[in-house]
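Asks: Input: one structure, supplied below.
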Amino acid sequence: MEHTNHVRLTTSELTPAVPPFYGADDRKVGKVDHIHGAGACGSAVSDVGGFLGIGAKPVAVPVSDLEFMRDEDGDVHAFTSWTKDERKQMPEYRD
């Protein structure tokens, strides 16, 4: 996925929508279930692992590690340097 033409969003532009996010290799590594906290200090909570949602665990990725953007079609997504394997190693998020 080419990100150069995508419009970067600020944290104040984020909505409760559930955008997918992509890793360094441009593969989809998850979708944001919800944002916990506000602004750059917040965390994007998403499930990792499991199969078809069974056995998955929620993990929190700092919002500052995600770059939210809007593509040419107006769809919002995020980009991170985290890989799916690195996310699997993160501790389980507990609200």
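How things are named: the first chain in the structure tokens is A, the next is B, and so on; residues count from 1 in each chain; ligands count from 1 in the order shown.
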Going by DSSP on the backbone, which residues of chain A come out as helix (DSSP H, G or I)? List them as a VMD selection string.

Replies: chain A and resid 11 to 13 39 to 41 63 to 65 84 to 88

Asks: Excluding same-chain residues fewer than 5 positions from A:Tyr93, what lies within 10 Å of it counting only C-alpha atoms, as a PyMOL selection string?

Replies: chain A and resi 45-47+57-61

Asks: Could you name the residues that touch A:Ala78 at 8 Å or less, counting only C-alpha atoms, but leaving out those on the same chain fewer than 3 positions away, as a ChimeraX atom specification?

Replies: /A:19-22,66-69

Asks: Env of A:Lys88: 8 Å cut, atoms = only C-alpha atoms, seq-sep filter 2 positions within chain, self excluded. Answer as a list of chain:residue names.

Replies: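 In the requested form, the answer reads A:Val48, A:Gly49, A:Lys84, A:Asp85, A:Glu86, A:Met90.
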
Asks: With C-alpha atoms kept, could you save the residues just selected as a PDB file, in the first residue's frame?

Replies:
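Output below, filename part31.pdb:
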ATOM      1  CA  VAL A  48      -3.764 -10.239  18.332  1.00  0.00           C
ATOM      2  CA  GLY A  49      -3.291 -13.973  17.892  1.00  0.00           C
ATOM      3  CA  LYS A  84       2.223  -8.954  14.029  1.00  0.00           C
ATOM      4  CA  ASP A  85       4.829 -11.164  15.753  1.00  0.00           C
ATOM      5  CA  GLU A  86       6.039  -8.253  17.900  1.00  0.00           C
ATOM      6  CA  MET A  90       3.092  -7.671  24.092  1.00  0.00           C
TER       7      MET A  90
END

Asks: Atom CA of A:Val76 and atom CA of A:Ile35, how far apart in Å?

Replies: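 The value is 14.3 Å.
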
Asks: So which residues touch A:Gly23 within 8 Å, counting only C-alpha atoms, skipping near sequence neighbours fewer than 6 positions away, as a list of chain:residue names?

Replies: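 Listed by chain and then number, they are A:Val29, A:Phe79, A:Thr80, A:Ser81, A:Trp82, A:Thr83, A:Lys84.
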